[in-house]
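What follows is one structure encoded as structure tokens, with my remarks underneath.
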Amino acid sequence: MLNLLGEQLLNGIVTGSVYAIVAVGMTMTFGVLRVINFAHGEYFMVGTFASWFVIEKFDLGYPQSVVFAVALTALLAIVVGYFLMRKMVGAPFENGVLATLGVSLILQNLAVALFGGSYKFFNGGYIEPVELFGYGLAQQRILIVIVCVLVFIGLDLMVTYSRMGKSMRAVSQNIECCEIVGIDVQSVVLWTFVIGASLAGLSGVLTAPVNVSVYGGMGELITFKTLPIIIMGGLGNVRGTLIAAMILGIAESFVAGFIGLQFRDSVGFVTLILMLMWRPHGLFSLQSRF
Amino acid sequence: MTLSGMFKGFPLKAAALCALALTGGFLSQAQAQDGDIRLGIVSPNTGSNARYGSFALRGAQLAVEEINSAGGINGKKIKIFSGDSQCTPVEGVSATQRLIQEDKVGFIIGDICSSVTLAMQPIVENAKVLLVNAASSNPAITYKAGVGGFKWTYRNYPTDEVRSLVVLDYATKQKNFTKFAVLSVDSDYGRGAINFTKKYLERFKSEIISEDYYKDGEVDFRSVLAKIKNSGAQAIIMYGLADTTPIIARQMVETGLAGKIPLIGNGEFNAPATIKAAPTALNGAIEAAAWLPGWDTPRSKEFVKKFETAYKGETPNNHAYSHWETVHLIAATMKAANSTDGEKVRDAMAKIKFDSAVGPITFDDHNQALVPMILLEIEGGAPSIKGAFVGSIDYPKN
Amino acid sequence: MTMPAILKIEQISKSYGAVKAVSDVSLELQRGEILGLIGPNGSGKSTFFDCVTGLGTPDHGRVQLDGTDITGWPLNRIAREGRMLRSFQKTVVFSALDVEENLVIAGQMFAFDSTRATFGIGTETAAIVEELRIRARELIKLTGLWDVRHMPAGKLSGGQQKLIQFASMLMPKPKVILLDEPMAGINPKLIEQVVEAIRYANTQLGISFLIIEHNIDVVTSLCQRVIVLDQGQMLAQGTPQEIVINPLVREAYLGG
Amino acid sequence: MSQLQETQQTWRSGLRLPAIILMAGLVLFAPAFVGSYSLHAVVIAMIFLLPALGLNLLVGYTGLLSLAQGAFFGVGAYASALLSIHFNTPFYVNVVSAGLISGALALPLGIPALRLRATSFVMCTLGFIVIGQAISKNWISLTRGDMGLSSVPKPYFALGPWSFSVVSTAAYYYLALAVAGLAILAFYLIVRSPAGRNMIAIRENETLAEAVGIPTWTYKLIVFVLSAIFAGVGGSLYVHYLTVVSPLTFQMYYTTTILIIVLGGGVGTISGVVFGSILFVALSEFLRVAPEIRMIAYGICLLLIVFKFPKGFAPVIDKVWSALGGQRA
């Protein structure tokens with residue numbers, strides 16, 4: 001029993017790491033733009049597809065495909081960010097919902113139209129199992145956890161020390177003031193969005209080897225998982241997101257392991273509704289934003 | 001905006017749009033009224049089961065080409081109309097209605113996904129269109145057919161009841177398994193097969209320890225596999241989706257189940273790509289399938305060769321086979337009836353005796369074909385055939 | 001013998017976190033009075049207004065309107081049941097609707113006895129709406145908006161919007177009106193028009209006013225009495241003439 | 001008014017009566033000369049019109065963006081299917097119950113949700129879809145899970161000894177037409193009532209609406225429930241037409257389609273929504289656009305609405321229409 005508990009905890013941490021890398025991008029975008037990006041999961045999908053494509057068609061190695069995938073996602077994010085997201089500064093909240101929903105539909109179905117709707121088989125990555133605390137685990141999963149830790153350390157350093165990071169923090173606190181003190185809000189929004197989307201792409205290609213299947217609709221699932229996390233973490237709160245992602249990952253793992261696999265997907269949204277009813281500002285105080 | 005302005009211009013605009021739609025309506029009706037035999041195929045062409053649909057369509061297409069190039073049926077050529085069900089009942093019903101109403105098909109080969117076929121049955125019954133199932137295996141389909149009610153539904157495919165029985169029989173008698181964990185897909189097919197397994201558990205003195213159903217699109221099975229590992233189960237009964245099998249197999253390797261607890265059931269365990277994904281997990285897997293490329297009869301081998309020639313060397317799967325064979329079955333029935341009239345073909349099918357690649361096919365009074373189920377075990381990275389079984393079905397008394 | 005005050009506010013306090021925006025402010029608005037409320041920026045005037053009108057809830061204190069305790073009532077209930085209306089510092093109108101519709105809406109909740117009744121469609125409903133429309137036209141004439149009555153309110157100038165807002169508040173025949181800087185940002189020509197309108201409402205319709213205003217000339221000409229707030233506390237009160245020469249007030253304004 | 005405009009006006013009003021008669025004729029006798037598949041497309045459009053009207057009440061009149069419309073559509077579909085399967089109730093019982101059940105569910109969901117502000121409210125309504133999906137998938141004994149409910153009876157009417165079923169597409173067309181007509185009438189009466197004006201006030205400025213005595217929260221709750229009733233009735237119509245319902249009814253697809261109809265057609269109008277349902281549902285269904293292409297087109301539409309045509313496409317068509325008609329004549 002204890003054995004199983006430990007294993008589920010480990011599974012939960014791995015799942016939580018993936019959620020965390022995806023969710024942090026969405027929460028950062030919300031922080032600076034006050035827009036819930038319904039297309040966020042699509043960048044996860046694009047990353048996975050890009051990596052799958054170059055591995056299948058050009059026989060590239062997995063590490064090269066990671067670089068390509070993240071670069072392509074970033075490029076796409078620059079285009080979307082420049083033409084759409086940037087223009088949503090100060091726009092009514094509904095516009096953000098509709099526009100990102102539109103982007104999501106376009107990207108998702110473009111992938112289906114280009115590559116067909118069926119599942120693709122992802123070859124690549126480090127799928128050999130290793131023993132860790134007596135539990136079997138693919139090397140790739142360990143990589144995911146390590147990358148997750150690095151991403152969060154990196155973000156924390158950036159937000160605290162870099163000029164860009166400071167601007168991001170400023171914009172997330174008060175847009176009007178930033179314009180007065182000469183921060184280019186639009187460019188901060190653009191780059192925050194690009195960073196966030198690229199992280200989603202990165203986590204897509206990181207999880208592809210263990211998730212195996214690649215298909216157009218995979219992004220929507222990810223977006224839906226991310227929403228409860230960013231609410232729980234407190235919208236715009238980076239550290240809160242990490243903790244919330246871990247909580248959800250572990251909770252899902254326990255539900256799948258002890259109650260039934262079929263109930264796993266409900267965990268997130270039951271949490272979401274409870275959170276909204278009980279603590280709409282998330283589990284953590286607003287002061288710790290960024 | 002004033003409230004009274006709301007209806008302004010409404011009649012004109014709406015009239016214009018209606019006129020537009022209606023013009024289109026006339027156009028669509030003006031489609032050719034040629035003498036072709038119109039055959040509809042409802043299958044998942046998009047969505048997570050699109051691979052099945054692609055095999056099915058290509059199998060049927062191959063058969064149609066063979067028949068047409070041999071002169072057709074009484075001089076008439078067969079023309080295929082395809083409808084995408086996305087493996088969902090709602091889309092499937094829409095597609096079926098479209099095939100019947102717009103494409104005016106007289107015959108339909110039903111969906112691979114049982115849930116869709118079940119939903120299609122009342123529609124073809126109303127429209128008096130012959131539905132021949134080539135790949136959906138839920139027994140309820142033919143419970144309700146023939147003397148069970150739906151006169152226009154036939155099935156040329158073994159049912160899950162036979163499948164569950166065959167798998168359980170082999171696993172308990174040959175492998176001495178008594179404790180099973182269930183990990184099936186959440187659908188009429190997955191849940192249906194498990195219900196029949198439960199029906200026979202007592203006969204084979206075995207038990208199900210845990211029961212989990214996964215959703216279409218699920219990718220993380222580690223938690224449930226960890227649970228199964230700790231549960232003392234000797235095998236995992238899986239009636240699953242072909243696309244998910246490699247994911248599960250890989251995660252079985254990760255969690256240390258591979259080589260210890262085999263998969264038994266159905267889910268294209270024998271597909272080369274699946275075995276390649278995780279050979280250690282699939283060795284020892286037991287599967288009951290309607291057909292597999294290695295089936296050693298001349299007609300079967302001929303089909304594989306033709307399919308590979310036609311489609312760049314790709315090996316067909318059982319859906320390709322069953323659709324190919326079903327088109328031939330329909331053609332043969334038309335010849336036997338010496339007619340392409342739906343009602344005559346329907347009645348002739350009840351009496352047909354057709355030589356298929358897996359043996360002679362006849363239909364029982366529930367319009368269910370008596371076709372064998374092939375049992376295989378993966379040994380050393382390749383499927384090895386253990387036999388073919390024709391199970392008889394105990395129809396529930398209405 | 002004096003009549004009891006129409007609006008009696010007792011020791012209202014409100015803080016945001018550690019900041020005390022309003023502390024222990026009490027005042028009484030007499031029937032038929034126009035009372036001015038002045039103070040430097042950030043002195044808590046608007047917060048005080050919000051607490052009194054139900055847009056915010058005071059931390060403690062009591063508000064009595066015409067003998068009824070309305071503390072903690074939401075804004076809409078104070079307006080509907082208490083007939084005490086307020087304006088906003090930043091002028092707001094229903095921008096997409098024309099002037100007449102703006103006024104009709106403002107009168108609706110007072111003309112129908114319940115929310116359910118507003119879903120009515122019969123001749124009775126139509127008659128009530130028609131009455132509202134007639135009254136709206138009267139007020140439009142009164143405020144000099146007749147020529148623009150079918151223009152979308154959002155398209156009009158700031159001053160005209162102020163007038164719309166003011167006319168809207170007269171629709172339900174209120175007992176008390178609280179105005180938050182009615183003269184801010186409107187041109188001097190219109191100021192006279194607004195002052196006239198307020199005076200008319202006060203004398204002819206018997207409405208009592210509590211007015212926040214920076215324009216000291218307006219305060220002097222309109223108000224019988226003035227209260228000065230500074231840093232959330234009441235600093236002084238008296239006639240306008242007394243307030244203008246009060247050294248404490250001068251210091252607060254200059255020092256603030 | 002200039003001479004030109006004057007003639008145009010008379011030209012228009014001269015054509016209005018014939019146009020109404022023409023349209024009424026087309027609508028009434030459509031099954032006689034429209035291909036059965038086009039008829040199918042129009043039926044689907046009329047079904048989608050119902051939840052769209054409900055959403056219009058929310059987003060167009062009250063200014064609340066909700067994604068839950070698809071959820072209530074699904075609830076209505078399931079409610080109606082379960083009633084007719086288990087109790088074999090006639091259609092009019094199903095359709096009314098479906099509306100009422102959706103409305104009854106919307107009440108407890110709306111009370112906490114409407115206390116939230118814009119962002120959280122939208123998220124919460126999205127949550128309703130996901131919860132609907134989870135329940136329909138996992139409450140197997142009631143909903144049969146992913147297998148869905150099939151063989152839902154076609155609508156039948158019974159009055160004493162006399163009863164008949166609506167089976168053919170043409171018959172269903174008239175049924176849908178009747179329900180859609182009643183819904184339009186109901187919608188019209190709601191928005192024309194003083195309450196409709198109060199809703200617009202809430203959309204325009206919620207604080208000001210409060211200040212003139214409108215209990216905004218109560219109205220929002222009522223509208224939320226009303227919109228759910230519209231959606232539930234639509235769901236009922238849908239399930240009896242298609243005869244199947246599965247958890248996929250709770251997919252984003254339905255919500256997105258409803259959003260597109262309302263926003264693309266023109267929020268806050270009736271004709272816009274009617275037009276939107278024909279344009280986005282009937283035409284796309286009937287042109288048989290591949291699903292992914294259709295969804296891409298929907299996505300582009302959403303972006304165009306946000307960035308180019310905030311009032312939807314109806315005004316654009318209006319312009320084209322008047323360019324084609326009036327001035328050139």
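The chains in the structure tokens are called A, B, ... from first to last as shown; in each chain the residues are counted from 1, and the ligands are counted from 1 in the order shown.
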(request) Please return, as a PyMOL selection string, all residues of chain D lying within 8 Å of chain B when only C-alpha atoms are considered. (result) chain D and resi 16+19-20+22-23+26+34-38+145-148+150-151+192+242-246+248+269-271+274-275+278+283+318+321
May I have the selected residues written with C-alpha atoms, as a compact mmCIF listing (two decimals), in the first residue's frame?
# COMPACT_ATOMS: atom_id res chain seq x y z
CA ARG D 16 -41.86 45.00 -48.39
CA ALA D 19 -41.28 40.24 -49.83
CA ILE D 20 -43.08 39.20 -46.67
CA LEU D 22 -42.77 35.62 -50.71
CA MET D 23 -40.87 34.74 -47.59
CA LEU D 26 -41.07 30.01 -49.11
CA VAL D 34 -36.41 22.00 -51.41
CA GLY D 35 -34.13 18.99 -51.60
CA SER D 36 -34.45 16.83 -48.52
CA TYR D 37 -30.87 17.38 -47.58
CA SER D 38 -31.20 21.16 -47.76
CA GLY D 145 -21.51 7.03 -20.57
CA ASP D 146 -19.55 7.40 -23.78
CA MET D 147 -21.91 4.99 -25.46
CA GLY D 148 -24.59 7.64 -25.38
CA SER D 150 -29.49 5.92 -29.06
CA SER D 151 -32.89 5.10 -30.55
CA ARG D 192 -39.74 44.40 -25.93
CA LEU D 242 -31.03 12.97 -34.56
CA THR D 243 -32.34 10.23 -32.24
CA VAL D 244 -28.97 9.94 -30.51
CA VAL D 245 -27.14 11.86 -27.82
CA SER D 246 -23.70 11.29 -26.35
CA LEU D 248 -19.93 14.79 -27.26
CA THR D 269 -30.88 41.65 -32.76
CA ILE D 270 -33.36 38.98 -33.78
CA SER D 271 -32.81 39.13 -37.50
CA VAL D 274 -31.81 34.17 -37.59
CA PHE D 275 -29.44 35.20 -40.32
CA ILE D 278 -28.76 30.20 -41.64
CA LEU D 283 -25.05 26.91 -45.36
CA ASP D 318 -27.18 45.06 -44.97
CA TRP D 321 -28.05 44.52 -49.80
(request) Define the interface residues of chain C facing chain D as those within 9 Å, counting only C-alpha atoms, and report them as JSON, numbers by chain. (result) {"C": [53, 55, 74, 75, 76, 77, 78, 79, 80, 81, 83, 85, 86, 87, 88, 92, 93, 94, 95, 96, 97, 101, 102, 104, 105, 106, 107, 108, 109, 110, 115, 116, 117, 118, 119, 120, 121, 125, 126, 129, 168, 169, 172]}
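Every protein or nucleic acid residue with an atom no more than 12 Å from Asp341 of chain B, counting only C-alpha atoms and leaving out same-chain residues fewer than 4 positions away, appears here: Ile37, Arg38, Val105, Gly106, Phe107, Lys128, Val129, Leu130, Ile330, Thr333, Met334, Lys335, Ala337, Val345, Arg346, Asp347 and Ala348 of chain B.
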Selection above as a file: C-alpha atoms, as an mmCIF file, in the first residue's frame:
data_model
loop_
_atom_site.group_PDB
_atom_site.id
_atom_site.type_symbol
_atom_site.label_atom_id
_atom_site.label_comp_id
_atom_site.auth_asym_id
_atom_site.auth_seq_id
_atom_site.Cartn_x
_atom_site.Cartn_y
_atom_site.Cartn_z
ATOM 1 C CA ILE B 37 -25.196 0.868 -57.537
ATOM 2 C CA ARG B 38 -24.803 3.419 -54.782
ATOM 3 C CA VAL B 105 -27.501 5.107 -51.473
ATOM 4 C CA GLY B 106 -29.327 1.806 -51.408
ATOM 5 C CA PHE B 107 -26.750 -0.063 -49.357
ATOM 6 C CA LYS B 128 -35.409 0.753 -46.046
ATOM 7 C CA VAL B 129 -31.723 0.785 -46.834
ATOM 8 C CA LEU B 130 -29.695 -2.369 -46.333
ATOM 9 C CA ILE B 330 -22.839 -7.848 -51.069
ATOM 10 C CA THR B 333 -25.639 -11.628 -52.841
ATOM 11 C CA MET B 334 -26.767 -9.320 -55.633
ATOM 12 C CA LYS B 335 -25.697 -11.901 -58.168
ATOM 13 C CA ALA B 337 -30.638 -12.473 -56.086
ATOM 14 C CA VAL B 345 -30.879 -8.374 -51.882
ATOM 15 C CA ARG B 346 -31.893 -8.246 -48.254
ATOM 16 C CA ASP B 347 -33.931 -11.423 -48.541
ATOM 17 C CA ALA B 348 -31.240 -13.172 -50.568
#
(request) Please identify all polymer residues within 7 Å of segment 160-173 of chain A, counting only C-alpha atoms, omitting same-chain residues fewer than 2 positions from it, and present them as a list in words. (result)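 Result of the neighbour search: Gly31, Val32, Asp156, Leu157, Met158, Ile175, Cys178, Ile183, Val185, Val188 and Phe290 of chain A.
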Residues just named, written with N, CA, C and O atoms as a PDB file, in the first residue's frame:
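The resulting result_7.pdb:
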ATOM      1  N   GLY A  31      -1.190  37.621 -16.668  1.00  0.00           N
ATOM      2  CA  GLY A  31      -0.646  38.644 -15.797  1.00  0.00           C
ATOM      3  C   GLY A  31      -0.461  39.976 -16.505  1.00  0.00           C
ATOM      4  O   GLY A  31      -0.843  41.018 -15.993  1.00  0.00           O
ATOM      5  N   VAL A  32       0.102  39.935 -17.714  1.00  0.00           N
ATOM      6  CA  VAL A  32       0.386  41.201 -18.386  1.00  0.00           C
ATOM      7  C   VAL A  32      -0.775  41.686 -19.252  1.00  0.00           C
ATOM      8  O   VAL A  32      -0.888  42.854 -19.557  1.00  0.00           O
ATOM      9  N   ASP A 156      12.132  32.761 -12.288  1.00  0.00           N
ATOM     10  CA  ASP A 156      12.236  33.521 -11.050  1.00  0.00           C
ATOM     11  C   ASP A 156      13.385  34.525 -11.132  1.00  0.00           C
ATOM     12  O   ASP A 156      13.238  35.687 -10.769  1.00  0.00           O
ATOM     13  N   LEU A 157      14.512  34.023 -11.672  1.00  0.00           N
ATOM     14  CA  LEU A 157      15.674  34.917 -11.820  1.00  0.00           C
ATOM     15  C   LEU A 157      15.348  36.044 -12.786  1.00  0.00           C
ATOM     16  O   LEU A 157      15.647  37.208 -12.531  1.00  0.00           O
ATOM     17  N   MET A 158      14.689  35.671 -13.902  1.00  0.00           N
ATOM     18  CA  MET A 158      14.400  36.676 -14.910  1.00  0.00           C
ATOM     19  C   MET A 158      13.486  37.765 -14.353  1.00  0.00           C
ATOM     20  O   MET A 158      13.746  38.954 -14.529  1.00  0.00           O
ATOM     21  N   ILE A 175      -1.055  48.818 -15.743  1.00  0.00           N
ATOM     22  CA  ILE A 175      -0.714  49.149 -17.122  1.00  0.00           C
ATOM     23  C   ILE A 175      -0.585  50.656 -17.322  1.00  0.00           C
ATOM     24  O   ILE A 175       0.366  51.141 -17.932  1.00  0.00           O
ATOM     25  N   CYS A 178       2.705  52.156 -16.310  1.00  0.00           N
ATOM     26  CA  CYS A 178       3.834  51.780 -17.144  1.00  0.00           C
ATOM     27  C   CYS A 178       3.956  52.701 -18.323  1.00  0.00           C
ATOM     28  O   CYS A 178       5.050  53.085 -18.736  1.00  0.00           O
ATOM     29  N   ILE A 183       7.462  52.470 -20.169  1.00  0.00           N
ATOM     30  CA  ILE A 183       7.608  51.057 -20.529  1.00  0.00           C
ATOM     31  C   ILE A 183       6.731  50.797 -21.745  1.00  0.00           C
ATOM     32  O   ILE A 183       5.571  51.193 -21.774  1.00  0.00           O
ATOM     33  N   VAL A 185       4.405  48.899 -23.251  1.00  0.00           N
ATOM     34  CA  VAL A 185       3.526  47.823 -22.793  1.00  0.00           C
ATOM     35  C   VAL A 185       3.319  46.771 -23.876  1.00  0.00           C
ATOM     36  O   VAL A 185       3.392  45.571 -23.620  1.00  0.00           O
ATOM     37  N   VAL A 188       6.207  44.448 -24.124  1.00  0.00           N
ATOM     38  CA  VAL A 188       6.267  43.547 -22.963  1.00  0.00           C
ATOM     39  C   VAL A 188       5.234  42.434 -23.127  1.00  0.00           C
ATOM     40  O   VAL A 188       5.509  41.253 -22.918  1.00  0.00           O
ATOM     41  N   PHE A 290       3.975  37.166  -9.441  1.00  0.00           N
ATOM     42  CA  PHE A 290       5.287  37.227 -10.091  1.00  0.00           C
ATOM     43  C   PHE A 290       6.455  37.071  -9.150  1.00  0.00           C
ATOM     44  O   PHE A 290       6.377  37.287  -7.962  1.00  0.00           O
TER      45      PHE A 290
END
(request) Could you give me, as number ranges by chain, the residues within 12 Å of Tyr143 of chain B, counting only C-alpha atoms and dropping anything in the same chain fewer than 4 positions from it? (result) B: 118, 121, 137-139, 147-151, 153-155, 159, 161, 364-368, 393-398
